[in-house]
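Asker: target24.tsv (TSV, C-alpha atoms) pasted underneath:
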chain	number	residue	atom	x	y	z
A	1	MET	CA	0.00	0.00	0.00
A	2	GLN	CA	1.27	3.39	-0.93
A	3	SER	CA	2.40	5.60	1.89
A	4	LEU	CA	0.21	8.58	2.67
A	5	LEU	CA	2.99	10.98	3.53
A	6	GLU	CA	5.58	9.68	1.21
A	7	GLN	CA	8.17	12.31	0.87
A	8	ARG	CA	11.26	12.91	2.86
A	9	ASP	CA	13.25	16.04	2.38
A	10	HIS	CA	15.33	18.28	4.50
A	11	ALA	CA	14.84	21.57	2.73
A	12	SER	CA	12.33	24.00	4.09
A	13	VAL	CA	10.79	26.10	1.34
A	14	ASP	CA	9.91	29.18	3.26
A	15	GLY	CA	10.37	28.16	6.86
A	16	ILE	CA	10.03	30.61	9.65
A	17	ARG	CA	12.03	28.34	11.91
A	18	MET	CA	15.44	27.35	10.72
A	19	PRO	CA	15.27	24.11	8.79
A	20	HIS	CA	16.35	21.29	11.01
A	21	THR	CA	18.06	18.18	9.82
A	22	TYR	CA	17.47	14.97	11.67
A	23	THR	CA	20.06	12.22	11.68
A	24	ASP	CA	19.21	8.74	10.47
A	25	ALA	CA	19.71	7.47	14.00
A	26	GLU	CA	17.11	9.93	15.28
A	27	LEU	CA	14.64	8.98	12.57
A	28	ASP	CA	15.27	5.29	13.28
A	29	ALA	CA	14.49	5.85	16.94
A	30	LEU	CA	11.23	7.55	15.98
A	31	ALA	CA	10.38	4.77	13.53
A	32	ALA	CA	10.85	2.29	16.37
A	33	LEU	CA	8.37	4.34	18.40
A	34	ALA	CA	5.93	4.29	15.48
A	35	ASN	CA	6.36	0.54	15.29
A	36	ILE	CA	5.61	-0.07	18.95
A	37	GLY	CA	2.77	2.44	18.98
A	38	SER	CA	1.08	0.94	15.96
A	39	SER	CA	1.61	-2.64	17.11
A	40	THR	CA	-0.27	-1.80	20.26
A	41	ALA	CA	-2.98	-0.10	18.22
A	42	THR	CA	-3.16	-3.18	16.00
A	43	THR	CA	-3.93	-5.40	18.96
A	44	ALA	CA	-6.74	-3.08	20.01
A	45	MET	CA	-8.15	-2.93	16.49
A	46	SER	CA	-7.90	-6.67	16.12
A	47	SER	CA	-10.01	-7.33	19.20
A	48	LEU	CA	-12.54	-4.70	18.13
A	49	LEU	CA	-12.96	-6.13	14.64
A	50	GLY	CA	-12.47	-9.77	15.53
A	51	SER	CA	-10.03	-10.19	12.69
A	52	THR	CA	-6.28	-10.41	12.24
A	53	VAL	CA	-4.71	-6.99	11.72
A	54	ALA	CA	-1.16	-6.39	10.50
A	55	VAL	CA	0.94	-3.24	10.51
A	56	SER	CA	2.78	-2.42	7.34
A	57	ALA	CA	5.84	-0.22	7.16
A	58	PRO	CA	5.67	2.07	10.14
A	59	SER	CA	7.89	5.00	9.36
A	60	ALA	CA	9.20	8.28	10.68
A	61	ARG	CA	9.78	11.00	8.15
A	62	ALA	CA	11.17	14.46	8.32
A	63	THR	CA	9.11	16.31	5.77
A	64	ALA	CA	7.92	19.70	4.64
A	65	LEU	CA	4.28	19.54	5.63
A	66	THR	CA	2.94	21.25	2.51
A	67	SER	CA	4.53	18.88	0.03
A	68	ALA	CA	3.64	15.89	2.18
A	69	ILE	CA	-0.04	16.91	2.15
A	70	GLU	CA	0.08	17.51	-1.61
A	71	ARG	CA	1.54	14.07	-2.24
A	72	ALA	CA	-0.83	12.24	0.09
A	73	GLY	CA	-3.21	11.28	-2.70
A	74	PRO	CA	-5.93	12.71	-4.95
A	75	ALA	CA	-6.71	16.09	-3.34
A	76	GLU	CA	-10.47	15.84	-3.86
A	77	MET	CA	-10.88	12.22	-2.81
A	78	ILE	CA	-13.54	12.04	-0.10
A	79	VAL	CA	-11.95	10.41	2.93
A	80	THR	CA	-13.03	9.88	6.51
A	81	THR	CA	-10.61	11.48	8.93
A	82	VAL	CA	-10.74	11.02	12.68
A	83	LEU	CA	-8.61	13.59	14.46
A	84	VAL	CA	-7.45	13.22	18.03
A	85	PRO	CA	-5.63	16.34	19.20
A	86	VAL	CA	-2.96	15.55	21.78
A	87	ARG	CA	-1.95	17.75	24.67
A	88	GLY	CA	0.10	17.25	27.79
A	89	ASP	CA	3.91	17.26	27.78
A	90	LEU	CA	3.84	17.87	24.06
A	91	GLU	CA	1.35	19.02	21.48
A	92	ALA	CA	0.58	16.69	18.60
A	93	ARG	CA	-2.13	15.52	16.22
A	94	ALA	CA	-3.10	11.89	15.88
A	95	LEU	CA	-5.08	11.10	12.73
A	96	MET	CA	-6.77	8.06	11.29
A	97	VAL	CA	-7.51	8.38	7.57
A	98	LEU	CA	-9.85	5.97	5.79
A	99	LYS	CA	-10.22	5.92	2.03
A	100	PRO	CA	-13.76	5.20	0.75
A	101	GLN	CA	-13.20	1.48	0.26
A	102	ALA	CA	-11.59	1.12	3.69
A	103	GLU	CA	-14.46	2.99	5.28
A	104	THR	CA	-17.04	0.63	3.83
A	105	ALA	CA	-14.96	-2.39	4.81
A	106	ALA	CA	-14.41	-1.18	8.37
A	107	CYS	CA	-18.14	-0.62	8.88
A	108	LYS	CA	-18.90	-4.03	7.46
A	109	LEU	CA	-16.47	-5.66	9.89
A	110	ILE	CA	-17.89	-3.79	12.85
A	111	GLY	CA	-21.37	-4.67	11.63
A	112	VAL	CA	-22.86	-1.23	11.06
A	113	GLU	CA	-24.15	0.51	7.96
A	114	HIS	CA	-21.43	2.67	6.54
A	115	ASP	CA	-23.39	5.72	5.51
A	116	SER	CA	-25.28	6.11	8.77
A	117	ASP	CA	-24.91	7.96	12.05
A	118	LEU	CA	-24.12	4.67	13.70
A	119	GLY	CA	-21.46	3.94	11.09
A	120	ARG	CA	-19.91	7.31	11.66
A	121	SER	CA	-19.77	6.93	15.42
A	122	ALA	CA	-18.29	3.46	15.01
A	123	LEU	CA	-15.48	4.93	12.91
A	124	VAL	CA	-14.91	7.68	15.47
A	125	GLU	CA	-14.63	4.97	18.11
A	126	LEU	CA	-12.21	3.00	15.94
A	127	GLY	CA	-10.02	6.10	15.51
A	128	ASN	CA	-10.25	6.83	19.19
A	129	ILE	CA	-9.21	3.32	20.19
A	130	LEU	CA	-6.29	3.34	17.76
A	131	ALA	CA	-5.12	6.72	19.03
A	132	ALA	CA	-5.54	5.84	22.69
A	133	SER	CA	-3.56	2.61	22.42
A	134	TYR	CA	-0.88	4.22	20.25
A	135	LEU	CA	-0.50	7.15	22.64
A	136	GLY	CA	-0.49	4.81	25.63
A	137	ALA	CA	2.45	2.89	24.19
A	138	LEU	CA	4.34	6.10	23.36
A	139	SER	CA	3.66	7.42	26.79
A	140	THR	CA	4.98	4.30	28.49
A	141	LEU	CA	8.14	4.31	26.38
A	142	THR	CA	9.00	7.97	26.74
A	143	GLY	CA	7.53	8.85	30.11
A	144	LEU	CA	5.75	11.75	28.43
A	145	SER	CA	2.22	12.49	29.48
A	146	LEU	CA	0.09	12.47	26.30
A	147	GLU	CA	-3.51	13.46	26.81
A	148	PRO	CA	-5.93	12.80	23.97
A	149	ALA	CA	-8.66	15.39	23.47
A	150	PRO	CA	-12.10	14.20	22.30
A	151	PRO	CA	-11.98	12.78	18.76
A	152	GLU	CA	-13.49	14.62	15.80
A	153	CYS	CA	-14.61	13.06	12.56
A	154	VAL	CA	-14.75	14.76	9.17
A	155	ARG	CA	-15.78	13.26	5.84
A	156	ASP	CA	-14.47	15.55	3.14
A	157	MET	CA	-11.74	16.18	0.55
A	158	LEU	CA	-8.40	14.63	1.50
A	159	ARG	CA	-6.33	17.77	1.08
A	160	ALA	CA	-8.81	20.00	2.90
A	161	ALA	CA	-8.98	17.59	5.85
A	162	LEU	CA	-5.24	17.00	6.15
A	163	SER	CA	-4.31	20.66	5.84
A	164	SER	CA	-6.96	21.75	8.34
A	165	ALA	CA	-5.87	19.08	10.81
A	166	LEU	CA	-2.14	19.55	10.48
A	167	LEU	CA	-1.29	23.12	9.50
A	168	ASP	CA	-0.36	25.07	12.56
A	169	ASP	CA	-0.64	28.72	13.31
A	170	ASP	CA	2.52	30.11	11.85
A	171	SER	CA	4.78	27.56	10.33
A	172	ASP	CA	4.61	24.52	8.16
A	173	ALA	CA	8.36	24.47	7.77
A	174	GLN	CA	9.21	20.93	8.65
A	175	VAL	CA	7.59	18.28	10.72
A	176	ILE	CA	8.23	14.72	11.77
A	177	ALA	CA	5.38	12.46	10.79
A	178	LEU	CA	5.05	8.97	12.21
A	179	GLU	CA	2.95	6.93	9.83
A	180	SER	CA	1.68	3.39	9.77
A	181	THR	CA	-0.88	1.50	7.75
A	182	LEU	CA	-2.95	-1.15	9.47
A	183	SER	CA	-4.22	-3.96	7.25
A	184	VAL	CA	-7.06	-6.22	8.21
A	185	ALA	CA	-6.57	-9.75	6.94
A	186	VAL	CA	-10.06	-10.48	5.65
A	187	GLU	CA	-11.10	-7.21	4.07
A	188	GLU	CA	-9.69	-4.30	2.08
A	189	CYS	CA	-9.66	-2.20	5.21
A	190	SER	CA	-6.43	-0.29	5.66
A	191	PRO	CA	-6.64	2.80	7.80
A	192	THR	CA	-3.58	5.01	7.78
A	193	PHE	CA	-2.54	6.29	11.15
A	194	LEU	CA	-0.51	9.47	11.54
A	195	PHE	CA	1.11	10.98	14.59
A	196	VAL	CA	2.49	14.46	14.02
A	197	PRO	CA	4.02	16.41	16.91
A	198	THR	CA	3.67	20.18	16.56
A	199	ARG	CA	5.40	23.12	18.18
A	200	GLY	CA	8.68	21.50	19.07
A	201	GLY	CA	7.10	18.28	20.26
A	202	VAL	CA	9.74	16.20	18.53
A	203	ALA	CA	12.54	17.81	20.56
A	204	GLU	CA	10.62	16.81	23.66
A	205	ILE	CA	10.49	13.17	22.51
A	206	PHE	CA	14.24	13.10	21.79
A	207	GLU	CA	15.01	14.55	25.17
A	208	ARG	CA	13.06	11.82	26.89
A	209	LEU	CA	14.57	9.09	24.73
A	210	ARG	CA	18.06	10.31	25.59
A	211	ALA	CA	17.17	10.49	29.27
A	212	THR	CA	15.90	6.93	29.31
A	213	ALA	CA	18.65	5.52	27.10
B	19	MET	CA	-11.43	25.50	-27.98
B	20	SER	CA	-9.91	22.93	-25.67
B	21	GLN	CA	-9.23	24.09	-22.18
B	22	ALA	CA	-5.86	23.87	-20.49
B	23	GLU	CA	-5.94	23.32	-16.76
B	24	ILE	CA	-3.42	24.99	-14.50
B	25	PHE	CA	-3.35	23.65	-10.95
B	26	VAL	CA	-2.35	26.10	-8.25
B	27	GLY	CA	-0.78	24.20	-5.34
B	28	MET	CA	-0.86	25.06	-1.67
B	29	GLY	CA	0.91	28.34	-1.05
B	30	GLU	CA	1.24	29.03	-4.77
B	31	LEU	CA	-0.28	31.54	-7.16
B	32	ALA	CA	-0.74	31.88	-10.91
B	33	ALA	CA	-2.14	34.40	-13.38
B	34	THR	CA	-3.05	34.09	-17.02
B	35	ALA	CA	-4.41	36.08	-19.93
B	36	VAL	CA	-4.71	33.05	-22.20
B	37	ALA	CA	-8.43	32.66	-22.82
B	38	ARG	CA	-8.50	28.87	-22.95
B	39	GLU	CA	-6.66	28.44	-19.66
B	40	VAL	CA	-8.47	27.41	-16.48
B	41	LEU	CA	-6.94	28.16	-13.08
B	42	ILE	CA	-7.82	25.53	-10.48
B	43	THR	CA	-7.13	25.05	-6.81
B	44	VAL	CA	-8.46	22.03	-4.95
B	45	GLY	CA	-9.01	20.90	-1.40
B	46	LEU	CA	-9.29	24.24	0.37
B	47	GLY	CA	-9.98	23.70	4.06
B	48	SER	CA	-8.80	26.44	6.36
B	49	CYS	CA	-6.81	27.76	3.40
B	50	VAL	CA	-8.35	30.50	1.25
B	51	GLY	CA	-8.52	30.60	-2.54
B	52	ILE	CA	-8.27	34.19	-3.76
B	53	ALA	CA	-9.42	34.60	-7.36
B	54	LEU	CA	-8.87	37.95	-9.04
B	55	VAL	CA	-10.88	38.30	-12.22
B	56	ASP	CA	-10.64	40.78	-15.07
B	57	PRO	CA	-13.48	39.57	-17.31
B	58	SER	CA	-13.11	42.27	-19.94
B	59	GLY	CA	-9.40	41.56	-20.26
B	60	HIS	CA	-9.93	37.78	-20.36
B	61	ALA	CA	-7.46	37.55	-17.50
B	62	ALA	CA	-7.54	35.90	-14.11
B	63	GLY	CA	-5.28	35.15	-11.19
B	64	LEU	CA	-5.58	32.64	-8.37
B	65	ALA	CA	-3.75	32.07	-5.08
B	66	HIS	CA	-4.08	29.27	-2.50
B	67	VAL	CA	-3.12	31.03	0.74
B	68	MET	CA	-2.36	29.03	3.87
B	69	PHE	CA	-1.66	31.65	6.49
B	70	PRO	CA	-2.82	35.22	7.21
B	71	GLN	CA	0.39	37.19	7.56
B	72	SER	CA	3.96	36.77	6.52
B	73	ARG	CA	6.38	37.65	9.26
B	74	LYS	CA	9.34	38.40	7.08
B	75	LEU	CA	10.24	41.35	4.92
B	76	HIS	CA	11.12	39.29	1.88
B	77	VAL	CA	8.86	36.38	1.26
B	78	ALA	CA	10.10	33.68	-1.09
B	79	GLN	CA	6.58	32.39	-1.66
B	80	PRO	CA	4.07	35.26	-1.67
B	81	GLY	CA	1.16	32.94	-2.52
B	82	LYS	CA	1.37	31.41	0.93
B	83	TYR	CA	0.17	34.44	2.88
B	84	ALA	CA	-3.00	36.47	2.42
B	85	ASP	CA	-1.23	39.80	2.87
B	86	THR	CA	1.45	39.10	0.24
B	87	ALA	CA	-0.67	37.10	-2.21
B	88	VAL	CA	-3.04	39.94	-3.11
B	89	GLY	CA	-0.17	42.29	-4.03
B	90	ALA	CA	1.64	39.60	-5.99
B	91	LEU	CA	-1.52	38.65	-7.92
B	92	LEU	CA	-2.22	42.31	-8.78
B	93	ALA	CA	1.36	42.76	-9.97
B	94	ALA	CA	1.12	39.64	-12.13
B	95	LEU	CA	-2.19	40.80	-13.63
B	96	ALA	CA	-0.76	44.27	-14.26
B	97	ARG	CA	2.04	42.69	-16.27
B	98	LEU	CA	-0.66	40.93	-18.31
B	99	GLY	CA	-2.32	44.29	-19.02
B	100	SER	CA	-5.09	44.27	-16.41
B	101	PRO	CA	-5.43	47.54	-14.52
B	102	ARG	CA	-6.68	47.40	-10.94
B	103	SER	CA	-9.87	49.24	-11.88
B	104	ARG	CA	-11.11	46.26	-13.92
B	105	ILE	CA	-10.37	43.61	-11.32
B	106	CYS	CA	-12.78	42.09	-8.83
B	107	ALA	CA	-12.25	39.31	-6.32
B	108	VAL	CA	-14.01	36.02	-5.62
B	109	ILE	CA	-12.95	34.09	-2.55
B	110	ALA	CA	-13.55	30.59	-1.20
B	111	GLY	CA	-12.34	28.58	1.79
B	112	GLY	CA	-11.46	29.63	5.32
B	113	ALA	CA	-13.47	26.77	6.80
B	114	ARG	CA	-13.09	25.37	10.25
B	115	MET	CA	-13.26	21.66	9.59
B	116	PHE	CA	-12.26	20.58	13.07
B	117	ALA	CA	-13.53	22.27	16.20
B	118	PHE	CA	-10.39	21.78	18.25
B	119	GLU	CA	-8.13	24.67	19.08
B	120	ALA	CA	-4.47	24.18	19.64
B	121	ALA	CA	-3.09	26.04	22.63
B	122	GLY	CA	-2.24	29.59	21.69
B	123	SER	CA	-3.65	29.45	18.19
B	124	SER	CA	-7.01	30.66	17.08
B	125	ASP	CA	-9.29	29.67	14.22
B	126	ILE	CA	-6.83	29.75	11.32
B	127	GLY	CA	-9.54	29.75	8.64
B	128	ALA	CA	-11.19	32.84	10.12
B	129	ALA	CA	-7.81	34.54	10.47
B	130	ASN	CA	-7.07	33.77	6.81
B	131	LEU	CA	-10.41	35.28	5.76
B	132	ARG	CA	-9.89	38.40	7.86
B	133	ALA	CA	-6.44	38.97	6.40
B	134	THR	CA	-7.75	38.35	2.87
B	135	HIS	CA	-10.56	40.89	3.24
B	136	GLU	CA	-8.14	43.41	4.74
B	137	ALA	CA	-5.61	42.99	1.94
B	138	LEU	CA	-8.31	43.30	-0.75
B	139	ALA	CA	-9.86	46.38	0.90
B	140	LYS	CA	-6.45	48.00	1.18
B	141	ALA	CA	-5.85	47.40	-2.54
B	142	GLY	CA	-9.33	48.70	-3.39
B	143	ILE	CA	-10.50	45.42	-4.93
B	144	PRO	CA	-14.22	44.64	-4.40
B	145	VAL	CA	-15.31	41.12	-3.45
B	146	TYR	CA	-18.13	40.12	-5.82
B	147	ALA	CA	-18.77	36.60	-4.59
B	148	SER	CA	-17.62	34.29	-1.84
B	149	ALA	CA	-18.12	30.82	-0.39
B	150	THR	CA	-16.36	30.96	2.93
B	151	GLY	CA	-16.41	29.73	6.51
B	152	GLY	CA	-18.48	26.77	7.64
B	153	SER	CA	-16.89	23.37	7.98
B	154	THR	CA	-16.56	21.96	4.47
B	155	GLY	CA	-13.72	21.60	2.01
B	156	ARG	CA	-13.91	23.44	-1.31
B	157	SER	CA	-12.32	23.68	-4.75
B	158	ILE	CA	-12.58	26.52	-7.25
B	159	ARG	CA	-11.84	26.95	-10.95
B	160	ILE	CA	-11.80	30.05	-13.15
B	161	LEU	CA	-11.87	30.13	-16.91
B	162	ALA	CA	-9.84	33.11	-18.13
B	163	ALA	CA	-12.03	33.52	-21.26
B	164	ASP	CA	-15.19	34.54	-19.43
B	165	GLY	CA	-14.16	34.99	-15.81
B	166	VAL	CA	-16.73	32.47	-14.61
B	167	VAL	CA	-15.78	30.99	-11.26
B	168	ARG	CA	-17.03	27.50	-10.41
B	169	LEU	CA	-17.18	25.96	-6.95
B	170	ARG	CA	-17.08	22.37	-5.76
B	171	GLN	CA	-18.29	21.79	-2.23
B	172	GLY	CA	-19.79	18.74	-0.53
B	173	GLY	CA	-19.61	16.82	-3.81
B	174	VAL	CA	-21.70	19.42	-5.65
B	175	ASP	CA	-20.49	21.65	-8.50
B	176	SER	CA	-22.02	25.08	-8.88
B	177	GLU	CA	-21.39	28.46	-10.40
B	178	LEU	CA	-20.05	30.87	-7.80
B	179	TYR	CA	-19.64	33.93	-9.99
B	180	ARG	CA	-20.45	35.02	-13.54
B	181	PRO	CA	-19.44	38.48	-14.72
B	182	ALA	CA	-22.33	40.69	-15.82
B	183	ALA	CA	-23.22	40.24	-19.47
B	184	VAL	CA	-22.59	43.91	-20.17
B	185	VAL	CA	-18.94	43.56	-19.11
B	186	LEU	CA	-18.39	40.63	-21.43
B	187	LYS	CA	-20.21	42.33	-24.30
B	188	ARG	CA	-17.98	45.36	-23.90
B	189	ALA	CA	-14.99	43.05	-24.03
B	190	ALA	CA	-16.27	41.43	-27.20
B	191	ASP	CA	-16.86	44.83	-28.80
B	192	ASP	CA	-13.34	45.96	-27.91
B	193	SER	CA	-11.65	42.97	-29.46
Just give me the structure as structure tokens.
Answerer:
Amino acid sequence: MQSLLEQRDHASVDGIRMPHTYTDAELDALAALANIGSSTATTAMSSLLGSTVAVSAPSARATALTSAIERAGPAEMIVTTVLVPVRGDLEARALMVLKPQAETAACKLIGVEHDSDLGRSALVELGNILAASYLGALSTLTGLSLEPAPPECVRDMLRAALSSALLDDDSDAQVIALESTLSVAVEECSPTFLFVPTRGGVAEIFERLRATA
Amino acid sequence: MSQAEIFVGMGELAATAVAREVLITVGLGSCVGIALVDPSGHAAGLAHVMFPQSRKLHVAQPGKYADTAVGALLAALARLGSPRSRICAVIAGGARMFAFEAAGSSDIGAANLRATHEALAKAGIPVYASATGGSTGRSIRILAADGVVRLRQGGVDSELYRPAAVVLKRAADDS
């Protein structure tokens, strides 16, 4: 499955902050976090859906947010996005993105009609469970307190949803995006899960990793 | 006449006086699409702004900020022979798709709209049509030939703005 935020580059186009370059070792450490976070989320999703769920290619990328959003897929594709804003020791956004086919499949597995209020709240709950288990794992590993805010669900154009969820107040210079795709064995149901720290959140993670290393 | 589509990416802008060209920007959420239209000159410009204000003196990418995009679009249209007096604006976007507010930041869509209206007022450009605010994503497209602006929102295509017939007739008479 194609990655949602595919690109990795170090150059900031018009950054307000100085562009920051991350070492491969740092990115590897973050990818390991993404791996553990999404494995935990997978277990939760598996018991919710009653089906085997696998994680494919969890990754950590340093990327210019704008180009990452532009490359995420067809800009006008209608996707279901569940956003869980994260506060606490760091600020971040956790996102579950479902393409149309995955949305239908997920609802079918849960046993609700996909274009209904019930279907929508089931997807919100799915996103919420994924985020909560992912954040729980990250929190345990890093010792950071990560508090999920109530989840929000939007069904709209991919680019509009991603940019509204991820663009911050003043800078889109460069972010670290942790991405993983969860694949359910029996159906074409592959939600993409993104964890994007904002406002210096990544520095906070590194600090904790160093402290615990 | 086959149309040629020009896609304006996030933070970018473009202007054209080629009649068969269509300027398009897609997936506006909190971002604002600023279309400047000169129907009688068969010219149009479009920016996809992401943020309200630039904080630097020299901005490498003027299309990214509402305050710099308007000036840059007007300059581009002037080079194509469109005086300010013939130009009107059509804007779309500035939605608030998610209700959450990050600490210390306000509604970015509303801030983008405010800055856009301010920049247009300062330049003396009237806003003739708009589809802004709310919580839905939008796309807009402008055909340079007639200055008609089309909107896509919630899976529905509609006409957002059509220049008055008299303006287009005058243009036809002139050419």
Asker: Would you pick out the contacts of Leu90 (chain A) at 10 Å or less, using all atoms listed in the file, so that residues sharing its chain but fewer than 6 positions from it are not included, and give the list as a PDB file with C-alpha atoms, in the coordinates of the input?
Answerer:
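Below you can see part.pdb, which holds the result:
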ATOM      1  CA  LEU A 144       5.750  11.750  28.430  1.00  0.00           C
ATOM      2  CA  SER A 145       2.220  12.490  29.480  1.00  0.00           C
ATOM      3  CA  LEU A 146       0.090  12.470  26.300  1.00  0.00           C
ATOM      4  CA  GLU A 147      -3.510  13.460  26.810  1.00  0.00           C
ATOM      5  CA  PRO A 197       4.020  16.410  16.910  1.00  0.00           C
ATOM      6  CA  THR A 198       3.670  20.180  16.560  1.00  0.00           C
ATOM      7  CA  ARG A 199       5.400  23.120  18.180  1.00  0.00           C
ATOM      8  CA  GLY A 200       8.680  21.500  19.070  1.00  0.00           C
ATOM      9  CA  GLY A 201       7.100  18.280  20.260  1.00  0.00           C
ATOM     10  CA  VAL A 202       9.740  16.200  18.530  1.00  0.00           C
ATOM     11  CA  ALA A 203      12.540  17.810  20.560  1.00  0.00           C
ATOM     12  CA  GLU A 204      10.620  16.810  23.660  1.00  0.00           C
ATOM     13  CA  ILE A 205      10.490  13.170  22.510  1.00  0.00           C
TER      14      ILE A 205
END
Asker: Under the rule that all atoms listed in the file are counted, which of A:Ala132, A:Ala137, A:Val124, A:Val84 is the nearest residue to chain B?
Answerer: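 With all atoms listed in the file as the atom set, the closest residue is A:Val84.
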Asker: Pick out the closest residue to chain A from this set: B:Ile42, B:Cys49, B:Ile143, B:Ile105. Count only C-alpha atoms.
Answerer: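 So, comparing all the options, the nearest one is B:Cys49.
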Asker: Give the answer as one residue: which of B:Arg168, B:Arg38, B:Arg156, B:His60 has the shortest atom-to-atom distance to chain A, using all atoms listed in the file?
Answerer: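 Under the stated criterion, the closest residue is B:Arg156.
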Asker: Could you pull the residues within 12 Å of Ala31 (chain A), counting all atoms listed in the file, minus those fewer than 4 positions along the same chain, as an mmCIF file with C-alpha atoms, in the coordinates of the input?
Answerer:
data_model
loop_
_atom_site.group_PDB
_atom_site.id
_atom_site.type_symbol
_atom_site.label_atom_id
_atom_site.label_comp_id
_atom_site.auth_asym_id
_atom_site.auth_seq_id
_atom_site.Cartn_x
_atom_site.Cartn_y
_atom_site.Cartn_z
ATOM 1 C CA ASP A 24 19.210 8.740 10.470
ATOM 2 C CA ALA A 25 19.710 7.470 14.000
ATOM 3 C CA GLU A 26 17.110 9.930 15.280
ATOM 4 C CA LEU A 27 14.640 8.980 12.570
ATOM 5 C CA ASN A 35 6.360 0.540 15.290
ATOM 6 C CA ILE A 36 5.610 -0.070 18.950
ATOM 7 C CA GLY A 37 2.770 2.440 18.980
ATOM 8 C CA SER A 38 1.080 0.940 15.960
ATOM 9 C CA ALA A 57 5.840 -0.220 7.160
ATOM 10 C CA PRO A 58 5.670 2.070 10.140
ATOM 11 C CA SER A 59 7.890 5.000 9.360
ATOM 12 C CA ALA A 60 9.200 8.280 10.680
ATOM 13 C CA ARG A 61 9.780 11.000 8.150
ATOM 14 C CA ALA A 62 11.170 14.460 8.320
ATOM 15 C CA LEU A 138 4.340 6.100 23.360
ATOM 16 C CA ILE A 176 8.230 14.720 11.770
ATOM 17 C CA ALA A 177 5.380 12.460 10.790
ATOM 18 C CA LEU A 178 5.050 8.970 12.210
ATOM 19 C CA GLU A 179 2.950 6.930 9.830
ATOM 20 C CA SER A 180 1.680 3.390 9.770
ATOM 21 C CA PHE A 195 1.110 10.980 14.590
#
Asker: Between CA of Val108 (chain B) and CA of Ile126 (chain B), measure the distance and give it in Å to one decimal.
Answerer: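 So the answer is 19.4 Å.
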Asker: Interatomic distance between CA of Gly111 (chain A) and CA of Leu130 (chain A)?
Answerer: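 Atom-to-atom, CA of Gly111 (chain A) and CA of Leu130 (chain A) are spaced 18.1 Å apart.
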Asker: What gap, in Å, lies between CA of Pro57 (chain B) and CA of Gly99 (chain B)?
Answerer: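 Distance reported for this atom pair: 12.2 Å.
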Asker: Would you list the contacts of Val184 (chain A) as a list in words, taking every protein, DNA or RNA residue within 7 Å and counting only C-alpha atoms, but skipping same-chain residues closer than 3 positions in sequence?
Answerer: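 With the cut-off at 7 Å, the set is Ser51, Thr52, Val53, Ala54, Glu187, Glu188, Cys189 and Ser190 of chain A.
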Asker: Name the residues within 12 Å of (-14.3, 2.1, 5.0), counting all atoms listed in the file in the file's coordinates, and put them as a PyMOL selection string.
Answerer: chain A and resi 78-81+96-115+119-120+122-124+126+155+183-184+187-192
Asker: Find the residue from B:Gly142, B:Gly165, B:Gly63, B:Pro181 that sits nearest to Leu91 (chain B); use all atoms listed in the file when measuring.
Answerer: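 Distance minimum relative to Leu91 (chain B) lands on B:Gly63.
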Asker: Name the closest residue to Ala44 (chain A) among the candidates A:Thr21, A:Asn128, A:Ser56, A:Ser139; distances are taken between atoms, counting all atoms listed in the file.
Answerer: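 Of the candidates, the smallest distance to Ala44 (chain A) is held by A:Asn128.
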Asker: Just write region 72-81 of chain B with N, CA and C atoms, as a PDB file, in the first residue's frame, taken from the block above.
Answerer:
ATOM      1  N   SER B  72       2.556  37.144   6.569  1.00  0.00           N
ATOM      2  CA  SER B  72       3.964  36.770   6.518  1.00  0.00           C
ATOM      3  C   SER B  72       4.657  37.544   7.627  1.00  0.00           C
ATOM      4  N   ARG B  73       5.692  36.960   8.173  1.00  0.00           N
ATOM      5  CA  ARG B  73       6.383  37.655   9.263  1.00  0.00           C
ATOM      6  C   ARG B  73       7.764  38.095   8.838  1.00  0.00           C
ATOM      7  N   LYS B  74       8.024  37.994   7.565  1.00  0.00           N
ATOM      8  CA  LYS B  74       9.343  38.402   7.081  1.00  0.00           C
ATOM      9  C   LYS B  74       9.178  39.512   6.048  1.00  0.00           C
ATOM     10  N   LEU B  75      10.265  40.245   5.860  1.00  0.00           N
ATOM     11  CA  LEU B  75      10.242  41.352   4.924  1.00  0.00           C
ATOM     12  C   LEU B  75      10.222  40.828   3.490  1.00  0.00           C
ATOM     13  N   HIS B  76      11.079  39.861   3.223  1.00  0.00           N
ATOM     14  CA  HIS B  76      11.119  39.294   1.883  1.00  0.00           C
ATOM     15  C   HIS B  76      10.575  37.871   1.935  1.00  0.00           C
ATOM     16  N   VAL B  77       9.505  37.679   1.224  1.00  0.00           N
ATOM     17  CA  VAL B  77       8.863  36.379   1.259  1.00  0.00           C
ATOM     18  C   VAL B  77       9.152  35.635  -0.033  1.00  0.00           C
ATOM     19  N   ALA B  78       9.732  34.455   0.102  1.00  0.00           N
ATOM     20  CA  ALA B  78      10.102  33.677  -1.085  1.00  0.00           C
ATOM     21  C   ALA B  78       8.860  33.191  -1.822  1.00  0.00           C
ATOM     22  N   GLN B  79       7.781  32.981  -1.078  1.00  0.00           N
ATOM     23  CA  GLN B  79       6.576  32.392  -1.665  1.00  0.00           C
ATOM     24  C   GLN B  79       5.368  33.254  -1.300  1.00  0.00           C
ATOM     25  N   PRO B  80       5.126  34.322  -2.059  1.00  0.00           N
ATOM     26  CA  PRO B  80       4.067  35.260  -1.673  1.00  0.00           C
ATOM     27  C   PRO B  80       2.673  34.642  -1.676  1.00  0.00           C
ATOM     28  N   GLY B  81       2.479  33.570  -2.444  1.00  0.00           N
ATOM     29  CA  GLY B  81       1.165  32.938  -2.516  1.00  0.00           C
ATOM     30  C   GLY B  81       0.734  32.260  -1.228  1.00  0.00           C
TER      31      GLY B  81
END
